[in-house]
Structures are given as C-alpha cells and as structure tokens.
$ cat work.txt   # compact mmCIF, C-alpha atoms
# COMPACT_ATOMS: atom_id res chain seq x y z
CA MET A 1 -2.73 17.91 4.83
CA THR A 2 -6.47 17.35 4.83
CA THR A 3 -8.66 16.80 7.86
CA GLY A 4 -11.47 14.43 8.73
CA LEU A 5 -11.88 11.04 7.12
CA ALA A 6 -9.17 11.66 4.54
CA GLU A 7 -6.55 12.70 7.10
CA SER A 8 -4.95 9.33 7.65
CA ARG A 9 -5.44 5.60 7.41
CA ALA A 10 -5.34 5.23 11.19
CA LEU A 11 -8.05 7.83 11.78
CA TYR A 12 -10.27 6.28 9.14
CA LEU A 13 -9.82 2.84 10.71
CA ASP A 14 -10.82 4.27 14.09
CA HIS A 15 -13.83 5.94 12.47
CA LEU A 16 -14.98 2.65 10.96
CA LYS A 17 -14.55 0.87 14.30
CA SER A 18 -17.02 3.28 15.89
CA ARG A 19 -19.56 3.09 13.08
CA LYS A 20 -22.88 1.51 14.02
CA GLY A 21 -24.72 -0.73 11.60
CA PRO A 22 -23.30 -1.61 8.14
CA LEU A 23 -19.83 -0.34 7.35
CA HIS A 24 -21.19 1.13 4.12
CA PRO A 25 -24.86 1.53 3.14
CA SER A 26 -24.41 0.46 -0.47
CA ARG A 27 -21.74 -2.18 -0.07
CA ARG A 28 -22.55 -5.75 0.88
CA GLU A 29 -19.53 -7.57 -0.47
CA LYS A 30 -17.73 -10.03 1.74
CA ASN A 31 -14.54 -8.00 1.87
CA VAL A 32 -16.14 -4.62 2.60
CA ALA A 33 -13.62 -3.87 5.39
CA TYR A 34 -10.67 -4.32 3.04
CA GLU A 35 -12.43 -2.51 0.19
CA LEU A 36 -13.05 0.60 2.27
CA LEU A 37 -9.57 0.69 3.80
CA SER A 38 -7.88 0.36 0.40
CA LEU A 39 -9.87 3.01 -1.49
CA HIS A 40 -8.52 6.46 -2.29
CA PRO A 41 -9.72 8.84 0.47
CA GLU A 42 -12.02 10.81 -1.83
CA LEU A 43 -13.84 7.60 -2.79
CA ARG A 44 -14.25 5.96 0.63
CA GLU A 45 -17.82 7.03 1.29
CA LYS A 46 -19.09 6.82 -2.29
CA SER A 47 -21.16 4.04 -3.80
CA GLU A 48 -19.86 1.78 -6.55
CA GLU A 49 -22.08 3.68 -8.98
CA GLU A 50 -20.55 7.00 -7.98
CA ILE A 51 -17.05 5.55 -8.28
CA ASP A 52 -17.82 4.18 -11.74
CA ALA A 53 -19.21 7.56 -12.79
CA ARG A 54 -16.08 9.28 -11.50
CA GLU A 55 -13.94 6.86 -13.49
CA ALA A 56 -15.97 7.50 -16.64
CA GLU A 57 -15.39 11.24 -16.26
CA LEU A 58 -11.65 10.67 -16.26
CA THR A 59 -11.36 8.52 -19.37
CA GLU A 60 -8.93 10.84 -21.12
CA ALA A 61 -6.80 11.43 -18.02
CA ARG A 62 -6.74 7.69 -17.39
CA ARG A 63 -5.62 7.00 -20.94
CA ARG A 64 -2.86 9.60 -20.65
CA VAL A 65 -1.48 8.18 -17.40
CA GLU A 66 -1.72 4.63 -18.70
CA LEU A 67 0.33 5.62 -21.73
CA VAL A 68 2.98 7.25 -19.57
CA GLN A 69 3.24 4.21 -17.35
CA GLU A 70 3.42 1.84 -20.29
CA LYS A 71 6.23 3.84 -21.88
CA ASN A 72 8.16 3.98 -18.64
CA TRP A 73 7.74 0.25 -18.04
CA ASN A 74 8.87 -0.63 -21.57
CA ALA A 75 11.84 1.74 -21.35
CA TRP A 76 13.06 0.03 -18.20
CA HIS A 77 12.74 -3.37 -19.82
CA ARG A 78 14.90 -2.15 -22.71
CA ARG A 79 17.41 -0.66 -20.23
CA GLU A 80 16.89 2.78 -21.76
CA SER A 81 16.91 4.41 -18.31
CA SER A 82 20.67 4.20 -18.05
CA ASP A 83 20.81 6.90 -15.38
CA PHE A 84 19.37 4.50 -12.83
CA GLN A 85 21.77 1.59 -12.73
CA ASP A 86 21.02 0.85 -9.07
CA ALA A 87 17.29 0.40 -9.62
CA ARG A 88 15.85 -2.32 -11.80
CA ILE A 89 12.59 -3.84 -12.92
CA VAL A 90 11.45 -6.81 -10.87
CA ALA A 91 8.12 -7.81 -12.36
CA GLU A 92 4.43 -7.13 -12.21
CA THR A 93 4.22 -8.20 -8.59
CA GLY A 94 2.46 -11.33 -7.51
CA GLU A 95 0.56 -13.01 -10.30
CA PRO A 96 0.20 -11.70 -13.87
CA ASN A 97 -2.10 -8.67 -14.24
CA SER A 98 -1.76 -7.85 -10.54
CA GLY A 99 -1.95 -4.17 -11.40
CA TRP A 100 1.49 -3.12 -10.17
CA ASN A 101 4.84 -2.26 -11.75
CA GLN A 102 7.60 -2.99 -9.25
CA TYR A 103 11.18 -1.73 -9.14
CA SER A 104 13.94 -3.07 -6.86
CA ILE A 105 16.45 -0.50 -5.55
CA ASN A 106 20.05 -1.43 -4.68
CA ASP A 107 19.86 -4.63 -2.56
CA GLY A 108 16.06 -4.60 -2.37
CA THR A 109 14.66 -6.14 0.79
CA ALA A 110 16.77 -9.30 0.57
CA ASN A 111 18.71 -8.44 3.74
CA ARG A 112 15.69 -7.63 5.89
CA LYS A 113 16.30 -8.85 9.45
CA THR A 114 12.69 -8.88 10.61
CA LYS A 115 9.51 -10.65 9.54
CA ILE A 116 7.84 -7.25 9.28
CA THR A 117 8.24 -5.23 6.08
CA PRO A 118 7.94 -1.48 6.77
CA LYS A 119 6.51 0.61 3.97
CA LEU A 120 5.40 4.07 2.89
CA TYR A 121 2.05 4.75 1.27
CA ILE A 122 2.06 7.86 -0.91
CA THR A 123 -1.45 9.01 -1.83
CA LEU A 124 -1.60 11.68 -4.53
CA LYS A 125 -4.30 14.33 -4.82
CA ASP A 126 -4.69 14.66 -8.59
CA TYR A 127 -3.84 11.04 -9.15
CA LEU A 128 -5.12 10.82 -12.73
CA GLY A 129 -4.09 14.32 -13.77
CA THR A 130 -0.95 15.85 -15.18
CA SER A 131 0.35 16.74 -11.69
CA GLY A 132 -0.25 13.28 -10.26
CA LEU A 133 1.41 9.99 -11.09
CA THR A 134 3.93 10.85 -13.80
CA LYS A 135 6.98 9.26 -15.33
CA HIS A 136 9.12 12.12 -14.00
CA LEU A 137 7.95 11.57 -10.42
CA VAL A 138 8.54 7.81 -10.55
CA ASN A 139 12.00 8.20 -12.03
CA ARG A 140 12.97 10.96 -9.60
CA LEU A 141 12.03 8.77 -6.64
CA LEU A 142 13.95 5.82 -8.06
CA LYS A 143 17.07 7.88 -8.70
CA ASP A 144 17.03 9.76 -5.39
CA LEU A 145 16.44 6.59 -3.37
CA ALA A 146 19.19 4.69 -5.20
CA ASP A 147 21.68 7.56 -4.85
CA ALA A 148 20.97 7.77 -1.10
CA GLY A 149 21.88 4.11 -0.59
CA PHE A 150 18.30 3.03 0.07
CA ASN A 151 17.61 -0.71 -0.04
CA GLY A 152 14.05 -1.61 -0.90
CA GLN A 153 11.39 -1.63 -3.56
CA LEU A 154 9.03 0.86 -5.14
CA LYS A 155 5.80 -0.03 -6.90
CA VAL A 156 3.19 1.94 -8.78
CA PRO A 157 -0.22 0.82 -10.09
CA ASP A 158 -0.46 0.35 -13.82
CA ASN A 159 -4.20 0.20 -14.52
CA PRO A 160 -7.38 2.15 -13.73
CA LYS A 161 -8.72 -0.34 -11.19
CA ALA A 162 -5.51 -0.20 -9.19
CA TRP A 163 -5.41 3.62 -9.34
CA LYS A 164 -8.73 3.99 -7.56
CA ARG A 165 -8.37 0.97 -5.25
CA PHE A 166 -4.86 1.44 -3.93
CA ASP A 167 -2.35 4.11 -2.99
CA HIS A 168 -0.42 5.44 -5.90
CA ILE A 169 3.17 4.86 -4.85
CA VAL A 170 4.26 2.25 -2.31
CA ILE A 171 7.84 1.99 -1.01
CA HIS A 172 9.00 -1.12 0.87
CA ALA A 173 12.15 -0.76 2.96
CA GLU A 174 14.80 -3.09 4.31
CA SER A 175 14.45 -1.55 7.77
CA MET A 176 12.63 1.15 9.74
CA HIS A 177 15.86 3.18 9.75
CA GLN A 178 15.95 3.15 5.96
CA LEU A 179 12.26 3.96 5.75
CA MET A 180 12.15 6.89 8.17
CA GLU A 181 15.58 8.42 7.65
CA ILE A 182 16.00 7.93 3.91
CA ALA A 183 12.75 7.12 2.12
CA LEU A 184 10.39 9.45 4.00
CA PRO A 185 12.38 12.69 3.52
CA ILE A 186 12.97 11.85 -0.15
CA ALA A 187 9.28 11.07 -0.70
CA ARG A 188 8.20 14.33 0.94
CA LYS A 189 10.61 16.39 -1.11
CA ALA A 190 9.78 14.67 -4.40
CA THR A 191 6.00 14.80 -4.07
CA GLY A 192 5.65 18.16 -2.33
CA PRO A 193 2.11 19.60 -2.48
CA ARG A 194 0.89 16.94 -4.89
CA ALA A 195 0.74 14.41 -2.01
CA LEU A 196 -2.52 14.11 -0.12
CA GLU A 197 -0.82 12.05 2.57
CA ILE A 198 2.29 9.96 3.18
CA THR A 199 1.80 7.31 5.83
CA THR A 200 3.67 4.30 7.16
CA GLY A 201 2.52 0.71 6.97
CA PHE A 202 3.74 -2.73 7.95
CA ASP A 203 3.30 -5.96 6.01
CA VAL A 204 3.48 -9.28 7.82
CA PRO A 205 4.06 -12.68 6.20
CA GLY A 206 0.90 -13.54 4.28
CA LEU A 207 -0.91 -10.24 4.94
CA SER A 208 -0.51 -6.72 3.64
CA HIS A 209 -0.88 -3.79 6.01
CA THR A 210 -4.42 -3.17 4.77
CA GLU A 211 -5.41 -6.83 5.05
CA PHE A 212 -4.13 -6.83 8.64
CA ASP A 213 -6.10 -3.66 9.45
CA ALA A 214 -9.21 -5.18 7.87
CA LEU A 215 -8.93 -8.11 10.30
CA VAL A 216 -8.61 -5.67 13.21
CA LEU A 217 -11.75 -3.89 12.00
CA ARG A 218 -13.73 -7.09 11.56
CA LEU A 219 -12.80 -8.30 15.05
CA SER A 220 -13.80 -4.95 16.56
CA ARG A 221 -17.27 -5.45 15.08
CA GLY A 222 -17.66 -8.89 16.61
CA GLU A 223 -17.16 -10.93 13.46
CA ARG A 224 -16.16 -14.57 13.86
CA ILE A 225 -12.95 -15.22 11.89
CA PRO A 226 -11.89 -18.88 11.59
CA VAL A 227 -8.26 -19.64 10.78
CA HIS A 228 -8.26 -22.14 7.93
CA GLY A 229 -5.16 -24.19 7.22
CA GLY A 230 -3.21 -22.92 4.23
CA SER A 231 -4.91 -19.52 4.25
CA ASP A 232 -2.96 -16.24 4.25
CA LEU A 233 -4.12 -15.65 7.81
CA ALA A 234 -2.84 -19.08 8.86
CA LYS A 235 0.54 -18.24 7.31
CA ALA A 236 0.68 -14.99 9.27
CA VAL A 237 -0.32 -16.70 12.51
CA ASP A 238 2.38 -19.34 12.06
CA ALA A 239 5.09 -16.83 11.11
CA LEU A 240 4.38 -14.65 14.15
CA LYS A 241 3.53 -17.36 16.66
CA ASP A 242 6.37 -16.34 18.96
CA GLU A 243 5.63 -12.61 18.81
CA GLY A 244 2.23 -12.63 20.50
CA VAL A 245 0.43 -10.86 17.67
CA PHE A 246 -2.47 -13.26 17.12
CA GLU A 247 -4.53 -15.05 19.77
CA ILE A 248 -6.38 -18.15 18.57
CA GLN A 249 -8.96 -20.24 20.43
CA ASP A 250 -10.43 -23.44 18.95
CA GLY A 251 -9.30 -22.46 15.48
CA VAL A 252 -10.85 -18.98 15.64
CA LEU A 253 -9.05 -15.63 15.75
CA VAL A 254 -10.16 -13.89 18.96
CA LYS A 255 -7.65 -11.06 19.42
CA ILE A 256 -4.95 -9.14 17.58
CA ASN A 257 -2.14 -7.39 19.42
CA ASP A 258 -0.83 -4.91 16.88
CA ARG A 259 2.92 -5.03 17.49
CA ARG A 260 3.95 -4.44 13.88
CA GLU A 261 5.73 -1.13 14.36
CA GLU A 262 7.41 -2.29 17.57
CA LEU A 263 8.71 -5.44 15.85
CA ALA A 264 9.89 -3.46 12.83
CA TRP A 265 11.92 -1.06 14.99
CA ALA A 266 13.39 -3.96 16.99
CA SER A 267 15.66 -4.85 14.07
CA ARG A 268 17.09 -1.36 13.71
$ encode --input "work.txt" --output "structure tokens"
Amino acid sequence: MTTGLAESRALYLDHLKSRKGPLHPSRREKNVAYELLSLHPELREKSEEEIDAREAELTEARRRVELVQEKNWNAWHRRESSDFQDARIVAETGEPNSGWNQYSINDGTANRKTKITPKLYITLKDYLGTSGLTKHLVNRLLKDLADAGFNGQLKVPDNPKAWKRFDHIVIHAESMHQLMEIALPIARKATGPRALEITTGFDVPGLSHTEFDALVLRLSRGERIPVHGGSDLAKAVDALKDEGVFEIQDGVLVKINDRREELAWASR
C-alpha cells in the first residue's frame, strides 16, 4: 500500500477539499474535479502534456494490452471461454465506444434491493505492463467470482484513454454482503502485489461514485451548482428524495449528506 496522495480515493478527495486556489495549476477544464478524481494516482498531479508524454512512452505496452483485451473480448463473443458458463458478455457499457468491456456474473445486479450500487475499484500498479491488466487476471476474477456464487458485474477498460482515466477493474455487486464477503477477498487474492489499491465505491441513480464525489468537492469550494431538469444530477436528486442525501434550495444544490454506504448496508 502506498502513502500520501496515492493512498486512497478518500484521502485524495480530502486533500483537494483543503487545497487553496485552483484545483490544478495547468487544468482549466469545466470538469476538473471529476478529471482529477478519476485519474490513475500516479497521474493526478501531472499536466496534460506530461500525461501525453507518459502515454507516448508506453506505445508498445499499450498495443500489447490492447491486443490481449481484444482477443479476450472476441473469445467471449464466440463462447470460446467455455470454463466460465456463469459469466457472460453484456456489452460495451453505456453508449458505443464507451471504453469498457463488461461481463455479467451469475444473476448480475438484477436483484439489487437498494438504489445504491456498491462497487470495488481495483487500481493496478503496472497497468500497461505484462504484470498489470492481463487476460489471465480478468478470467481468473470472472471464474472465481462465478464459482463463489457472486452476483454482479465486472468491467475493464478497453482503450488507452480509459486506462489512464479510470481504474483498471471495477466490480459492481448485488449487495454490500456480496461485495465485502465475496468480491473483496477474491480480488485481493487474485491481484496480490500487483494492486496499488482496492477501494469501495457507491453509485447512485444517474451518478457514478466519482461523479458524486466531484459534486462534494465542488460544493466544498463554494461553487454554485444548479439542478437542471433532465440532468443526471436531477435524476439522482429525484431517486433519493426520501433518503435525505441532497438538499436543494431554489433549484440549486446547497448540501450533500453522503449516506451512500449507510444506505447500501441497509439492504443487507
């Protein structure tokens, strides 16, 4: 386990909350809060130019991993992975070219009894190298989770942009019990020392865990956040209106009560 800014998502969020002035000296984009929270830990404090240079240095490694992922994806489509009957391809999540390959395991998350989706983020150290995101690791996780009776989904990024912007393996669970007592031990055993960190997260309707945290960060810095009808934030506010998570005044978000973990455990 590392220390400092790379230690955990929660510590990095707290660090950004206390930062005076711009969140990042070389970033001025509208979604800087989300961008910083979603980056691989080793890239968080670097400029776009430094990140691009790092990516250029890893052209061969990137090509190798991309080839592995493509072969694995195609094999699953052709049902060549016959050892894993309880896990199946869903789709490239969201819209086309979303950057993720997603697998559903056993019953998936169809029987989830809460509006909160608990998840694991697995961040790998050598994420573009031979000991990082490999076909063997993905298939081992799928098999071990399916054999253990886990209900949920696993997704891995399938392109260079996603590799540097997001965590490298994400596991969604049907419940907190399934996440903590089945998925977490399996993830720790399968990844071993190649994992930089394994952390929990909680999606809410309309917002990913990182998008939610980005809102918390923006509010902490005094930003005015209107709630527009039809927006993802509006969907989240409506879905959790009885849970006391969001406080709205005159169409503006004024406070967030982060009850995600509490609500996820409530459906145990």
$ atom_distance --input "work.txt" --atom1 "CA of Glu42 (chain A)" --atom2 "CA of His168 (chain A)"
13.4 Å
$ atom_distance --input "work.txt" --atom1 "CA of Ala239 (chain A)" --atom2 "CA of Arg260 (chain A)"
12.7 Å
$ closest_residue --input "work.txt" --among "A:Gly152, A:Gly222, A:Pro41, A:Gly132" --to "Arg9 (chain A)" --atoms "only C-alpha atoms"
A:Pro41
$ closest_residue --input "work.txt" --among "A:Gly192, A:Ala173, A:Glu211, A:Ser18" --to "Asn111 (chain A)" --atoms "all atoms listed in the file"
A:Ala173
$ closest_residue --input "work.txt" --among "A:Glu49, A:Gly149, A:Leu179, A:His40" --to "Thr123 (chain A)" --atoms "only C-alpha atoms"
A:His40
$ atom_distance --input "work.txt" --atom1 "CA of Glu35 (chain A)" --atom2 "CA of Ile248 (chain A)"
24.9 Å
$ residues_around --input "work.txt" --residues "Val32 (chain A)" --least-positions-apart "5" --cutoff "10 Å" --atoms "all atoms listed in the file" --output "number ranges by chain"
A: 22-24, 27, 37-38, 214, 218
$ closest_residue --input "work.txt" --among "A:His136, A:Lys241, A:His172, A:Lys125" --to "Tyr103 (chain A)" --atoms "all atoms listed in the file"
A:His172
$ closest_residue --input "work.txt" --among "A:His15, A:Arg259, A:Lys235, A:Arg194" --to "Thr134 (chain A)" --atoms "all atoms listed in the file"
A:Arg194
$ closest_residue --input "work.txt" --among "A:Ser220, A:Thr117, A:Ser231, A:Ser47" --to "Ile171 (chain A)" --atoms "only C-alpha atoms"
A:Thr117
$ residues_around --input "work.txt" --residues "Asp250 (chain A)" --least-positions-apart "5" --cutoff "12 Å" --atoms "all atoms listed in the file" --output "list in words"
Arg224, Ile225, Pro226, Val227 and His228 of chain A
$ decode --input "work.txt" --residues "region 168-179 of chain A" --atoms "N, CA and C atoms" --output "compact mmCIF listing (two decimals), in the first residue's frame"
# COMPACT_ATOMS: atom_id res chain seq x y z
N HIS A 168 -8.74 0.23 -13.23
CA HIS A 168 -8.50 -0.77 -14.25
C HIS A 168 -9.43 -1.96 -14.21
N ILE A 169 -9.98 -2.24 -13.04
CA ILE A 169 -11.01 -3.26 -12.91
C ILE A 169 -12.06 -2.72 -11.95
N VAL A 170 -13.32 -2.78 -12.34
CA VAL A 170 -14.41 -2.32 -11.49
C VAL A 170 -15.40 -3.47 -11.34
N ILE A 171 -15.77 -3.76 -10.09
CA ILE A 171 -16.72 -4.84 -9.81
C ILE A 171 -17.95 -4.24 -9.14
N HIS A 172 -19.12 -4.41 -9.75
CA HIS A 172 -20.39 -3.99 -9.16
C HIS A 172 -21.04 -5.20 -8.50
N ALA A 173 -21.62 -5.00 -7.33
CA ALA A 173 -22.20 -6.11 -6.59
C ALA A 173 -23.69 -5.92 -6.37
N GLU A 174 -24.35 -7.03 -6.15
CA GLU A 174 -25.79 -7.02 -5.85
C GLU A 174 -26.05 -6.43 -4.47
N SER A 175 -25.11 -6.61 -3.55
CA SER A 175 -25.29 -6.14 -2.18
C SER A 175 -23.94 -5.89 -1.53
N MET A 176 -23.95 -5.18 -0.40
CA MET A 176 -22.72 -4.97 0.36
C MET A 176 -22.17 -6.29 0.89
N HIS A 177 -23.05 -7.19 1.28
CA HIS A 177 -22.61 -8.51 1.74
C HIS A 177 -21.81 -9.21 0.65
N GLN A 178 -22.33 -9.22 -0.55
CA GLN A 178 -21.64 -9.86 -1.66
C GLN A 178 -20.31 -9.17 -1.96
N LEU A 179 -20.32 -7.85 -1.86
CA LEU A 179 -19.11 -7.09 -2.16
C LEU A 179 -17.99 -7.37 -1.16
